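Below is start32.txt, holding compact mmCIF, C-alpha atoms (C1' of nucleotides).
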```txt
# COMPACT_ATOMS: atom_id res chain seq x y z
CA MET A 1 0.00 0.00 0.00
CA THR A 2 1.05 3.54 -0.51
CA ALA A 3 1.16 5.13 2.90
CA ALA A 4 -1.13 8.11 2.61
CA THR A 5 0.83 10.32 4.89
CA PRO A 6 0.89 14.02 4.11
CA ASP A 7 4.66 13.76 3.78
CA THR A 8 4.88 11.64 0.65
CA GLU A 9 7.15 14.11 -1.09
CA PRO A 10 10.49 12.35 -0.65
CA ASP A 11 9.06 9.13 -2.05
CA LEU A 12 7.72 10.89 -5.10
CA LEU A 13 11.04 12.51 -5.81
CA ALA A 14 12.91 9.24 -5.52
CA LEU A 15 10.31 7.54 -7.68
CA ASP A 16 10.82 10.09 -10.42
CA GLN A 17 14.51 9.36 -10.62
CA GLN A 18 13.96 5.64 -10.57
CA VAL A 19 11.45 5.82 -13.39
CA CYS A 20 13.55 7.99 -15.67
CA PHE A 21 16.72 6.00 -15.14
CA ALA A 22 14.84 2.73 -15.58
CA LEU A 23 13.29 4.08 -18.76
CA ALA A 24 16.68 4.89 -20.25
CA VAL A 25 18.22 1.57 -19.26
CA ALA A 26 15.20 -0.43 -20.42
CA ALA A 27 15.13 1.26 -23.82
CA ARG A 28 18.83 0.63 -24.36
CA SER A 29 18.56 -2.96 -23.16
CA VAL A 30 15.67 -3.86 -25.42
CA ILE A 31 17.24 -2.13 -28.42
CA ALA A 32 20.38 -4.15 -27.67
CA LEU A 33 18.19 -7.25 -27.94
CA TYR A 34 17.23 -6.23 -31.46
CA ARG A 35 20.81 -5.62 -32.55
CA PRO A 36 21.91 -9.20 -33.24
CA VAL A 37 18.51 -10.01 -34.73
CA LEU A 38 18.61 -7.03 -37.09
CA GLU A 39 22.27 -7.43 -37.97
CA PRO A 40 21.67 -10.09 -40.68
CA LEU A 41 19.25 -7.66 -42.33
CA GLY A 42 21.84 -4.90 -42.24
CA LEU A 43 19.55 -2.62 -40.27
CA THR A 44 19.89 -0.66 -37.05
CA HIS A 45 16.86 -0.34 -34.81
CA PRO A 46 15.88 3.18 -35.94
CA GLN A 47 16.35 2.09 -39.55
CA TYR A 48 14.11 -0.91 -38.82
CA LEU A 49 11.42 1.45 -37.51
CA VAL A 50 11.63 3.51 -40.70
CA MET A 51 11.30 0.36 -42.79
CA LEU A 52 8.30 -0.78 -40.70
CA ALA A 53 6.60 2.52 -41.43
CA LEU A 54 7.34 2.19 -45.14
CA TRP A 55 6.25 -1.45 -45.33
CA GLN A 56 2.96 -0.27 -43.92
CA HIS A 57 2.53 2.92 -45.97
CA ARG A 58 4.73 2.24 -49.00
CA ARG A 59 5.26 5.95 -49.59
CA LEU A 60 5.84 8.71 -47.04
CA THR A 61 7.25 12.21 -46.95
CA VAL A 62 10.10 12.96 -44.59
CA LYS A 63 7.73 15.04 -42.51
CA GLU A 64 5.23 12.20 -42.26
CA LEU A 65 7.99 9.84 -41.19
CA GLY A 66 9.10 12.33 -38.58
CA GLY A 67 5.57 12.52 -37.25
CA LEU A 68 5.15 8.75 -37.09
CA LEU A 69 8.51 8.06 -35.47
CA GLN A 70 8.81 11.28 -33.48
CA LEU A 71 12.11 12.20 -35.10
CA ASP A 72 13.22 15.41 -36.76
CA SER A 73 14.97 15.94 -40.07
CA GLY A 74 18.33 16.23 -38.36
CA THR A 75 18.05 12.55 -37.47
CA LEU A 76 16.12 11.31 -40.48
CA SER A 77 18.24 12.95 -43.18
CA PRO A 78 21.45 10.98 -42.56
CA LEU A 79 19.47 7.85 -41.67
CA LEU A 80 17.55 7.93 -44.97
CA LYS A 81 20.77 8.71 -46.80
CA ARG A 82 22.16 5.40 -45.54
CA LEU A 83 19.03 3.49 -46.52
CA VAL A 84 19.28 5.02 -49.99
CA SER A 85 22.96 4.13 -50.25
CA VAL A 86 22.22 0.45 -49.58
CA GLY A 87 19.36 0.51 -52.06
CA LEU A 88 16.41 -0.08 -49.75
CA VAL A 89 14.57 3.19 -50.41
CA THR A 90 14.55 6.10 -52.84
CA LYS A 91 14.22 9.81 -52.22
CA ALA A 92 12.66 12.24 -54.68
CA ARG A 93 11.23 15.71 -54.45
CA ASP A 94 7.51 15.99 -55.00
CA GLY A 95 6.72 17.56 -58.37
CA ARG A 96 3.72 19.45 -57.03
CA ASP A 97 5.65 20.89 -54.07
CA GLU A 98 9.37 20.99 -54.52
CA ARG A 99 9.91 21.44 -50.79
CA VAL A 100 8.59 17.96 -50.04
CA VAL A 101 10.79 14.88 -50.26
CA VAL A 102 9.00 11.61 -50.84
CA VAL A 103 10.57 8.42 -49.54
CA GLU A 104 9.63 5.18 -51.26
CA LEU A 105 10.59 1.53 -51.05
CA THR A 106 12.69 -0.06 -53.78
CA GLU A 107 12.13 -3.63 -54.90
CA THR A 108 14.91 -4.69 -52.58
CA GLY A 109 13.36 -2.74 -49.74
CA SER A 110 9.97 -4.35 -50.28
CA ALA A 111 11.54 -7.79 -50.50
CA LEU A 112 13.37 -7.33 -47.20
CA ARG A 113 9.98 -7.43 -45.47
CA GLN A 114 9.93 -11.22 -45.82
CA GLN A 115 13.05 -11.56 -43.69
CA ALA A 116 11.80 -8.92 -41.27
CA LEU A 117 8.71 -10.96 -40.51
CA ALA A 118 10.87 -13.24 -38.35
CA VAL A 119 12.27 -10.36 -36.30
CA PRO A 120 9.53 -9.92 -33.68
CA ARG A 121 9.46 -13.61 -32.90
CA ALA A 122 13.23 -13.74 -32.54
CA VAL A 123 13.20 -10.77 -30.19
CA MET A 124 10.41 -12.28 -28.13
CA ALA A 125 12.48 -15.45 -27.87
CA ARG A 126 15.31 -13.47 -26.35
CA LEU A 127 13.03 -11.43 -24.14
CA ARG A 128 11.35 -14.23 -22.27
CA MET A 129 8.76 -12.22 -20.47
CA ASP A 130 5.23 -12.67 -19.27
CA VAL A 131 2.68 -11.41 -21.80
CA GLY A 132 0.66 -9.77 -19.07
CA ASP A 133 3.70 -7.80 -17.94
CA LEU A 134 4.26 -6.73 -21.53
CA VAL A 135 0.70 -5.48 -21.87
CA ALA A 136 1.02 -3.60 -18.59
CA LEU A 137 4.25 -2.05 -19.76
CA ARG A 138 2.76 -0.94 -23.06
CA ASP A 139 -0.15 0.71 -21.27
CA SER A 140 2.15 2.45 -18.83
CA LEU A 141 4.36 3.68 -21.64
CA THR A 142 1.36 5.06 -23.46
CA SER A 143 0.51 7.06 -20.35
CA VAL A 144 3.99 8.51 -20.00
CA ILE A 145 4.28 9.42 -23.64
CA ALA A 146 0.96 11.21 -23.45
CA ALA A 147 1.93 12.99 -20.23
CA ALA A 148 5.40 13.91 -21.43
CA THR A 149 4.44 15.15 -24.87
CA THR A 150 1.28 17.07 -23.97
CA ALA A 151 2.83 18.66 -20.91
CA GLY A 152 3.78 22.17 -21.78
CA PRO A 153 6.82 23.57 -19.95
CA PRO A 154 5.98 24.12 -16.28
CA PRO A 155 2.47 24.57 -14.95
CA ALA A 156 2.35 28.12 -16.20
CA GLU A 157 4.52 31.17 -15.77
CA GLN A 158 2.98 34.46 -14.92
CA SER A 159 3.87 36.74 -17.73
CA GLN A 160 6.56 39.15 -16.70
CA THR A 161 7.36 41.78 -19.24
CA MET B 1 -9.22 -2.39 -31.26
CA THR B 2 -7.95 -5.36 -29.27
CA ALA B 3 -9.57 -8.40 -30.80
CA ALA B 4 -9.14 -11.30 -28.39
CA THR B 5 -9.00 -14.09 -30.92
CA PRO B 6 -7.62 -17.51 -30.01
CA ASP B 7 -4.96 -16.96 -32.67
CA THR B 8 -2.98 -14.52 -30.60
CA GLU B 9 0.25 -14.92 -32.56
CA PRO B 10 -0.18 -11.88 -34.82
CA ASP B 11 -1.24 -9.79 -31.86
CA LEU B 12 1.85 -10.74 -29.93
CA LEU B 13 4.10 -9.79 -32.79
CA ALA B 14 2.37 -6.46 -33.19
CA LEU B 15 2.47 -5.86 -29.46
CA ASP B 16 6.17 -6.51 -29.38
CA GLN B 17 6.80 -3.80 -31.91
CA GLN B 18 4.54 -1.39 -30.09
CA VAL B 19 6.39 -2.00 -26.85
CA CYS B 20 9.86 -1.42 -28.21
CA PHE B 21 8.88 1.62 -30.20
CA ALA B 22 6.95 3.01 -27.24
CA LEU B 23 9.94 2.37 -25.02
CA ALA B 24 12.23 4.38 -27.29
CA VAL B 25 9.77 7.24 -27.66
CA ALA B 26 8.97 7.34 -23.95
CA ALA B 27 12.63 7.42 -22.95
CA ARG B 28 13.36 10.25 -25.36
CA SER B 29 10.27 12.16 -24.29
CA VAL B 30 11.02 11.98 -20.60
CA ILE B 31 14.68 12.86 -21.11
CA ALA B 32 13.47 15.83 -23.15
CA LEU B 33 11.51 16.88 -20.07
CA TYR B 34 14.73 16.97 -18.08
CA ARG B 35 16.58 19.05 -20.67
CA PRO B 36 15.23 22.51 -19.81
CA VAL B 37 15.35 21.70 -16.09
CA LEU B 38 18.97 20.55 -16.25
CA GLU B 39 20.09 23.31 -18.59
CA PRO B 40 20.56 25.91 -15.81
CA LEU B 41 22.87 23.44 -14.08
CA GLY B 42 24.85 22.95 -17.25
CA LEU B 43 24.22 19.21 -17.26
CA THR B 44 22.87 16.75 -19.79
CA HIS B 45 20.74 13.87 -18.56
CA PRO B 46 23.54 11.25 -18.67
CA GLN B 47 25.82 13.72 -16.91
CA TYR B 48 23.12 14.26 -14.29
CA LEU B 49 22.97 10.51 -13.71
CA VAL B 50 26.74 10.41 -13.19
CA MET B 51 26.49 13.28 -10.72
CA LEU B 52 23.66 11.53 -8.86
CA ALA B 53 25.85 8.46 -8.46
CA LEU B 54 28.74 10.58 -7.19
CA TRP B 55 26.58 12.59 -4.80
CA GLN B 56 25.57 9.29 -3.30
CA HIS B 57 28.97 7.57 -3.29
CA ARG B 58 31.37 10.50 -3.37
CA ARG B 59 34.10 8.39 -4.97
CA LEU B 60 33.77 5.80 -7.71
CA THR B 61 35.97 4.09 -10.28
CA VAL B 62 35.02 4.29 -13.93
CA LYS B 63 34.14 0.62 -13.85
CA GLU B 64 31.87 1.09 -10.83
CA LEU B 65 30.14 3.98 -12.58
CA GLY B 66 29.69 1.83 -15.64
CA GLY B 67 28.15 -0.89 -13.54
CA LEU B 68 25.76 1.47 -11.80
CA LEU B 69 24.66 3.30 -14.95
CA GLN B 70 25.01 0.40 -17.38
CA LEU B 71 27.43 2.30 -19.59
CA ASP B 72 30.82 1.34 -20.97
CA SER B 73 34.05 3.28 -21.01
CA GLY B 74 33.47 4.38 -24.59
CA THR B 75 30.57 6.47 -23.34
CA LEU B 76 31.91 7.40 -19.92
CA SER B 77 35.38 8.54 -20.96
CA PRO B 78 34.33 11.55 -23.03
CA LEU B 79 31.44 12.30 -20.67
CA LEU B 80 33.74 12.40 -17.64
CA LYS B 81 36.22 14.43 -19.64
CA ARG B 82 33.55 17.11 -20.03
CA LEU B 83 32.65 17.03 -16.34
CA VAL B 84 36.34 17.45 -15.51
CA SER B 85 36.67 20.35 -17.94
CA VAL B 86 33.86 22.25 -16.22
CA GLY B 87 35.36 21.50 -12.82
CA LEU B 88 32.67 19.28 -11.33
CA VAL B 89 34.77 16.14 -10.87
CA THR B 90 38.38 15.00 -10.87
CA LYS B 91 39.98 11.93 -12.38
CA ALA B 92 43.05 10.25 -10.99
CA ARG B 93 44.63 6.85 -11.37
CA ASP B 94 44.57 4.66 -8.30
CA GLY B 95 48.00 4.41 -6.70
CA ARG B 96 47.52 0.78 -5.75
CA ASP B 97 46.36 -0.25 -9.23
CA GLU B 98 47.43 2.05 -12.01
CA ARG B 99 44.81 0.62 -14.38
CA VAL B 100 41.96 2.00 -12.28
CA VAL B 101 40.75 5.58 -12.63
CA VAL B 102 39.02 7.05 -9.61
CA VAL B 103 36.40 9.76 -10.18
CA GLU B 104 35.73 12.16 -7.34
CA LEU B 105 33.61 15.24 -6.75
CA THR B 106 35.22 18.66 -6.52
CA GLU B 107 33.95 21.30 -4.12
CA THR B 108 31.97 22.79 -7.00
CA GLY B 109 30.59 19.40 -7.87
CA SER B 110 29.46 18.77 -4.31
CA ALA B 111 27.92 22.22 -4.08
CA LEU B 112 25.90 21.68 -7.25
CA ARG B 113 23.87 19.12 -5.32
CA GLN B 114 21.93 21.90 -3.64
CA GLN B 115 20.59 23.14 -6.96
CA ALA B 116 19.99 19.59 -8.15
CA LEU B 117 17.65 18.93 -5.25
CA ALA B 118 15.01 20.98 -7.07
CA VAL B 119 15.29 18.95 -10.26
CA PRO B 120 12.96 16.04 -9.49
CA ARG B 121 10.19 18.33 -8.33
CA ALA B 122 10.50 20.45 -11.47
CA VAL B 123 10.35 17.38 -13.70
CA MET B 124 7.34 16.02 -11.86
CA ALA B 125 5.66 19.39 -12.36
CA ARG B 126 6.11 19.01 -16.11
CA LEU B 127 5.14 15.36 -16.12
CA ARG B 128 1.73 15.66 -14.55
CA MET B 129 1.01 11.99 -14.18
CA ASP B 130 -0.88 9.75 -11.82
CA VAL B 131 1.38 8.35 -9.10
CA GLY B 132 -0.18 4.93 -9.45
CA ASP B 133 0.64 4.87 -13.15
CA LEU B 134 4.19 5.88 -12.32
CA VAL B 135 4.58 3.04 -9.83
CA ALA B 136 3.14 0.59 -12.33
CA LEU B 137 5.54 1.84 -14.97
CA ARG B 138 8.54 1.49 -12.69
CA ASP B 139 7.58 -2.07 -11.84
CA SER B 140 7.07 -2.95 -15.50
CA LEU B 141 10.40 -1.43 -16.42
CA THR B 142 12.12 -3.42 -13.72
CA SER B 143 10.70 -6.57 -15.25
CA VAL B 144 11.87 -5.73 -18.76
CA ILE B 145 15.34 -4.77 -17.64
CA ALA B 146 15.63 -8.04 -15.78
CA ALA B 147 14.32 -10.01 -18.75
CA ALA B 148 16.43 -8.17 -21.31
CA THR B 149 19.70 -8.25 -19.42
CA THR B 150 19.53 -11.80 -18.06
CA ALA B 151 18.33 -13.24 -21.36
CA GLY B 152 21.28 -14.83 -23.06
CA PRO B 153 21.30 -14.80 -26.89
CA PRO B 154 18.64 -17.15 -28.29
CA PRO B 155 16.66 -19.66 -26.25
CA ALA B 156 19.64 -21.84 -25.45
CA GLU B 157 22.67 -23.18 -27.22
CA GLN B 158 23.84 -26.69 -26.65
CA SER B 159 26.54 -26.47 -24.07
CA GLN B 160 30.01 -26.54 -25.56
CA THR B 161 32.11 -25.89 -22.47
C1' DT C 1 61.93 -15.00 -12.08
C1' DG C 2 59.43 -14.72 -16.37
C1' DC C 3 55.78 -14.85 -19.31
C1' DA C 4 50.83 -15.68 -20.93
C1' DG C 5 46.38 -14.21 -20.06
C1' DA C 6 43.19 -11.15 -17.89
C1' DT C 7 41.74 -6.46 -16.50
C1' DC C 8 40.85 -1.59 -17.11
C1' DA C 9 40.44 2.75 -19.35
C1' DA C 10 41.13 5.30 -23.52
C1' DT C 11 40.62 5.77 -28.36
C1' DT C 12 38.58 5.21 -32.99
C1' DG C 13 34.77 4.77 -36.08
C1' DT C 14 29.85 4.52 -36.97
C1' DG C 15 25.17 5.77 -36.03
C1' DT C 16 21.68 8.09 -33.80
C1' DG C 17 19.30 12.37 -31.48
C1' DC C 18 18.66 17.30 -30.91
C1' DA C 19 19.37 22.52 -31.35
C1' DA C 20 20.23 25.98 -34.48
C1' DT C 21 20.66 27.62 -38.90
C1' DC C 22 20.41 27.79 -43.93
C1' DG C 23 18.43 27.85 -48.60
C1' DG C 24 14.85 26.84 -51.67
C1' DA C 25 9.93 26.86 -52.38
C1' DT C 26 5.19 28.12 -51.46
C1' DT C 27 1.43 30.89 -49.74
C1' DG C 28 -0.98 34.87 -48.13
C1' DT C 29 -1.51 39.67 -48.57
C1' DA C 30 -1.21 44.22 -50.22
C1' DT D 1 2.68 41.55 -59.54
C1' DA D 2 5.69 42.20 -55.42
C1' DC D 3 6.92 40.78 -50.90
C1' DA D 4 6.82 39.10 -46.35
C1' DA D 5 5.86 35.13 -43.61
C1' DT D 6 5.84 30.36 -43.54
C1' DC D 7 7.10 25.71 -44.58
C1' DC D 8 10.27 21.87 -45.58
C1' DG D 9 14.42 19.43 -45.74
C1' DA D 10 19.43 19.56 -45.39
C1' DT D 11 23.44 20.79 -42.89
C1' DT D 12 26.38 21.80 -38.89
C1' DG D 13 27.85 21.21 -34.24
C1' DC D 14 27.57 18.79 -30.05
C1' DA D 15 26.65 14.80 -27.08
C1' DC D 16 25.62 10.17 -26.24
C1' DA D 17 25.97 4.87 -27.19
C1' DC D 18 28.28 0.84 -28.77
C1' DA D 19 31.77 -2.30 -31.18
C1' DA D 20 36.43 -3.05 -31.76
C1' DT D 21 41.07 -2.10 -30.90
C1' DT D 22 45.00 -0.40 -28.24
C1' DG D 23 48.10 0.31 -24.41
C1' DA D 24 49.26 -0.07 -19.79
C1' DT D 25 49.00 -2.80 -15.81
C1' DC D 26 48.21 -6.63 -12.91
C1' DT D 27 47.85 -11.69 -11.78
C1' DG D 28 48.56 -16.54 -12.00
C1' DC D 29 51.31 -20.18 -13.00
C1' DA D 30 55.25 -22.73 -14.34
```
Encoding of this model in structure tokens:
Amino acid sequence: MTAATPDTEPDLLALDQQVCFALAVAARSVIALYRPVLEPLGLTHPQYLVMLALWQHRRLTVKELGGLLQLDSGTLSPLLKRLVSVGLVTKARDGRDERVVVVELTETGSALRQQALAVPRAVMARLRMDVGDLVALRDSLTSVIAAATTAGPPPAEQSQT
Amino acid sequence: MTAATPDTEPDLLALDQQVCFALAVAARSVIALYRPVLEPLGLTHPQYLVMLALWQHRRLTVKELGGLLQLDSGTLSPLLKRLVSVGLVTKARDGRDERVVVVELTETGSALRQQALAVPRAVMARLRMDVGDLVALRDSLTSVIAAATTAGPPPAEQSQT
DNA sequence: TGCAGATCAATTGTGTGCAATCGGATTGTA
DNA sequence: TACAATCCGATTGCACACAATTGATCTGCA
């Protein structure tokens, strides 16, 4: 039980640090689990996420990709450049709006999906974990993402000047 | 739309991807919450974690730091170099074992703790989130970290020792 | 004593991730 | 038609994060 004493402050502060540190370590650990599985495909984890988005949508602008993956162009530009260099995707400016760059799968990129289908199972094999725990984790993560992304800066600053 | 069909295989595979992606996004989002709070202290989030460890232990070897934070020397070396350059910590080789590098707080580094005490509260103010959800998240994360770090490569290789 | 193997930190190279800025293109407005 | 504001992606600079290698040191064993 959570002792409902008025002085719960210290616990909350400690909890915050535990959660953030655990979040960072967990993300790195799970991504590390993907590494050997993705290595035969020649993909890093972020590249795998980009390919997942393209396998689903076939054709996306850089901005759309950034929205889906929560990444900006500073990260996506070099990443896509590498995917282009290995022949998995193509980049081309949209004729109707020359500002927009459309990313599209190549034949090779589409074909890679077949090998990628085995990835989730392989990762799950390494991460032997209770399904219920996994569902609970996903729900918790959804809450944090919502709280962290909607939360404006602090509560609200009184305008001064 | 969570269809509870007896053929749960596809759902599990999809869930797996959601979890890992959500983990990456959540970690980045929460670390982004720390950024403006840590900025007045002149610290990045990984640097803040190193300082937290030193405020607690006062004196640690690079290896001990790596064990506590789950980071290797390739990450810690340049990070510590920056903390040394701004005068928060010192590095010195151990006299008894010249391979070991001992990291220690300077006066400035110790004094910074006073300002850092306000950090958790400020982050919690930005992350307006139910405490129960936070506890659930921490517990879930603990499970994943345990599962991801203890899990050897694939299921099991035939012993060859 | 002497040497092979292990340990530890640093370094190098690659790949994200983010802030800030730039240049080209489009859109709204006068 | 001009022109300012906006939008979009690329680029630059900095800071992790990890694999692989290197160099210095220590330890165990013959």
Determine, counting only C-alpha atoms (C1' of nucleotides), every residue of protein, DNA or RNA that lies within 12 Å of (8.7, 29.4, -44.0) in the file coordinates, then give the result as a short mmCIF file (atom, residue, chain, number, x, y, z; two decimals) with C-alpha atoms (C1' of nucleotides), in the frame of the given file.
```cif
data_model
loop_
_atom_site.label_atom_id
_atom_site.label_comp_id
_atom_site.auth_asym_id
_atom_site.auth_seq_id
_atom_site.Cartn_x
_atom_site.Cartn_y
_atom_site.Cartn_z
CA ARG A 99 9.91 21.44 -50.79
"C1'" DC C 22 20.41 27.79 -43.93
"C1'" DG C 23 18.43 27.85 -48.60
"C1'" DG C 24 14.85 26.84 -51.67
"C1'" DA C 25 9.93 26.86 -52.38
"C1'" DT C 26 5.19 28.12 -51.46
"C1'" DT C 27 1.43 30.89 -49.74
"C1'" DG C 28 -0.98 34.87 -48.13
"C1'" DA D 4 6.82 39.10 -46.35
"C1'" DA D 5 5.86 35.13 -43.61
"C1'" DT D 6 5.84 30.36 -43.54
"C1'" DC D 7 7.10 25.71 -44.58
"C1'" DC D 8 10.27 21.87 -45.58
"C1'" DG D 9 14.42 19.43 -45.74
#
```
Inset, instruction - Can you check which residues of chain D have any atom within 7 Å of chain B? Use all atoms listed in the file and format it as a PyMOL selection string. - result: chain D and resi 16-17+25
Inset, instruction - Name the residues in contact with Val37 of chain A at a cut-off of 10 Å, using only C-alpha atoms (C1' of nucleotides), excluding same-chain residues fewer than 4 positions from it; report them as a VMD selection string. - result: (chain A and resid 32 to 33 41 to 45 116 118 to 123 126) or (chain B and resid 153 to 154)
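For the atom pair formed by atom C1' of DT27 of chain D and atom C1' of DA4 of chain C, the distance is 10.4 Å, given to one decimal.
Closest approach to Ile145 of chain B among A:Leu49, A:Gln115, A:Lys81, A:Arg28: A:Arg28, based on all atoms listed in the file.
Least-squares alignment of chain B on chain A, taking all C-alpha positions paired one to one, leaves a root-mean-square deviation of 2.0 Å.
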From the block you just saw, export segment 12-25 of chain D: N, CA and C atoms (P, O5', C5', C4', C3', O3' and C1' of nucleotides), as an mmCIF file, in the first residue's frame.
```
data_model
loop_
_atom_site.group_PDB
_atom_site.id
_atom_site.type_symbol
_atom_site.label_atom_id
_atom_site.label_comp_id
_atom_site.auth_asym_id
_atom_site.auth_seq_id
_atom_site.Cartn_x
_atom_site.Cartn_y
_atom_site.Cartn_z
ATOM 1 P P DT D 12 27.602 20.794 -43.913
ATOM 2 O "O5'" DT D 12 27.701 21.363 -42.432
ATOM 3 C "C5'" DT D 12 27.289 22.699 -42.173
ATOM 4 C "C4'" DT D 12 27.299 22.976 -40.687
ATOM 5 C "C3'" DT D 12 28.451 22.321 -39.910
ATOM 6 O "O3'" DT D 12 29.041 23.305 -39.078
ATOM 7 C "C1'" DT D 12 26.377 21.804 -38.889
ATOM 8 P P DG D 13 30.432 23.032 -38.344
ATOM 9 O "O5'" DG D 13 29.974 22.791 -36.830
ATOM 10 C "C5'" DG D 13 29.194 23.780 -36.190
ATOM 11 C "C4'" DG D 13 28.762 23.281 -34.824
ATOM 12 C "C3'" DG D 13 29.833 22.474 -34.077
ATOM 13 O "O3'" DG D 13 29.834 22.872 -32.709
ATOM 14 C "C1'" DG D 13 27.851 21.208 -34.242
ATOM 15 P P DC D 14 30.992 22.417 -31.712
ATOM 16 O "O5'" DC D 14 30.231 21.487 -30.667
ATOM 17 C "C5'" DC D 14 29.109 22.015 -29.962
ATOM 18 C "C4'" DC D 14 28.288 20.883 -29.402
ATOM 19 C "C3'" DC D 14 29.078 19.870 -28.562
ATOM 20 O "O3'" DC D 14 28.547 19.867 -27.257
ATOM 21 C "C1'" DC D 14 27.573 18.788 -30.050
ATOM 22 P P DA D 15 29.341 19.137 -26.053
ATOM 23 O "O5'" DA D 15 28.476 17.824 -25.830
ATOM 24 C "C5'" DA D 15 27.088 17.951 -25.598
ATOM 25 C "C4'" DA D 15 26.436 16.590 -25.615
ATOM 26 C "C3'" DA D 15 27.236 15.489 -24.908
ATOM 27 O "O3'" DA D 15 26.377 14.760 -24.060
ATOM 28 C "C1'" DA D 15 26.648 14.797 -27.079
ATOM 29 P P DC D 16 26.975 13.810 -22.922
ATOM 30 O "O5'" DC D 16 27.353 12.482 -23.716
ATOM 31 C "C5'" DC D 16 26.842 11.246 -23.277
ATOM 32 C "C4'" DC D 16 25.573 10.905 -24.023
ATOM 33 C "C3'" DC D 16 25.293 9.410 -24.039
ATOM 34 O "O3'" DC D 16 23.894 9.189 -24.024
ATOM 35 C "C1'" DC D 16 25.622 10.165 -26.242
ATOM 36 P P DA D 17 23.407 7.805 -23.321
ATOM 37 O "O5'" DA D 17 24.025 6.669 -24.247
ATOM 38 C "C5'" DA D 17 23.194 6.018 -25.182
ATOM 39 C "C4'" DA D 17 23.975 5.052 -26.036
ATOM 40 C "C3'" DA D 17 24.792 3.988 -25.293
ATOM 41 O "O3'" DA D 17 24.187 2.748 -25.542
ATOM 42 C "C1'" DA D 17 25.966 4.866 -27.190
ATOM 43 P P DC D 18 24.745 1.400 -24.930
ATOM 44 O "O5'" DC D 18 25.649 0.788 -26.092
ATOM 45 C "C5'" DC D 18 25.055 0.497 -27.344
ATOM 46 C "C4'" DC D 18 26.129 0.094 -28.336
ATOM 47 C "C3'" DC D 18 27.113 -0.962 -27.810
ATOM 48 O "O3'" DC D 18 27.221 -1.987 -28.769
ATOM 49 C "C1'" DC D 18 28.276 0.842 -28.765
ATOM 50 P P DA D 19 27.839 -3.404 -28.327
ATOM 51 O "O5'" DA D 19 28.896 -3.698 -29.482
ATOM 52 C "C5'" DA D 19 28.529 -3.477 -30.838
ATOM 53 C "C4'" DA D 19 29.773 -3.435 -31.700
ATOM 54 C "C3'" DA D 19 30.827 -4.478 -31.348
ATOM 55 O "O3'" DA D 19 31.352 -5.032 -32.546
ATOM 56 C "C1'" DA D 19 31.766 -2.301 -31.180
ATOM 57 P P DA D 20 32.313 -6.288 -32.486
ATOM 58 O "O5'" DA D 20 33.750 -5.615 -32.652
ATOM 59 C "C5'" DA D 20 33.951 -4.667 -33.688
ATOM 60 C "C4'" DA D 20 35.328 -4.055 -33.551
ATOM 61 C "C3'" DA D 20 36.407 -5.031 -33.075
ATOM 62 O "O3'" DA D 20 37.507 -4.975 -33.966
ATOM 63 C "C1'" DA D 20 36.426 -3.050 -31.759
ATOM 64 P P DT D 21 38.787 -5.942 -33.734
ATOM 65 O "O5'" DT D 21 39.900 -4.925 -33.242
ATOM 66 C "C5'" DT D 21 40.027 -3.673 -33.913
ATOM 67 C "C4'" DT D 21 40.881 -2.733 -33.108
ATOM 68 C "C3'" DT D 21 42.185 -3.354 -32.579
ATOM 69 O "O3'" DT D 21 43.276 -2.624 -33.114
ATOM 70 C "C1'" DT D 21 41.069 -2.100 -30.896
ATOM 71 P P DT D 22 44.790 -3.097 -32.797
ATOM 72 O "O5'" DT D 22 45.225 -2.113 -31.637
ATOM 73 C "C5'" DT D 22 44.907 -0.723 -31.751
ATOM 74 C "C4'" DT D 22 45.354 0.000 -30.501
ATOM 75 C "C3'" DT D 22 46.683 -0.491 -29.918
ATOM 76 O "O3'" DT D 22 47.552 0.599 -29.737
ATOM 77 C "C1'" DT D 22 45.002 -0.403 -28.236
ATOM 78 P P DG D 23 49.078 0.362 -29.429
ATOM 79 O "O5'" DG D 23 49.183 0.729 -27.881
ATOM 80 C "C5'" DG D 23 48.644 1.953 -27.427
ATOM 81 C "C4'" DG D 23 48.703 2.005 -25.916
ATOM 82 C "C3'" DG D 23 49.980 1.415 -25.312
ATOM 83 O "O3'" DG D 23 50.396 2.241 -24.248
ATOM 84 C "C1'" DG D 23 48.096 0.307 -24.415
ATOM 85 P P DA D 24 51.836 2.109 -23.641
ATOM 86 O "O5'" DA D 24 51.526 1.910 -22.102
ATOM 87 C "C5'" DA D 24 50.586 2.764 -21.469
ATOM 88 C "C4'" DA D 24 50.018 2.067 -20.257
ATOM 89 C "C3'" DA D 24 51.068 1.406 -19.373
ATOM 90 O "O3'" DA D 24 50.979 1.953 -18.072
ATOM 91 C "C1'" DA D 24 49.260 -0.065 -19.790
ATOM 92 P P DT D 25 51.980 1.520 -16.956
ATOM 93 O "O5'" DT D 25 51.188 0.397 -16.163
ATOM 94 C "C5'" DT D 25 49.866 0.664 -15.721
ATOM 95 C "C4'" DT D 25 49.220 -0.605 -15.233
ATOM 96 C "C3'" DT D 25 50.036 -1.398 -14.202
ATOM 97 O "O3'" DT D 25 49.336 -1.374 -12.974
ATOM 98 C "C1'" DT D 25 49.004 -2.801 -15.808
#
```
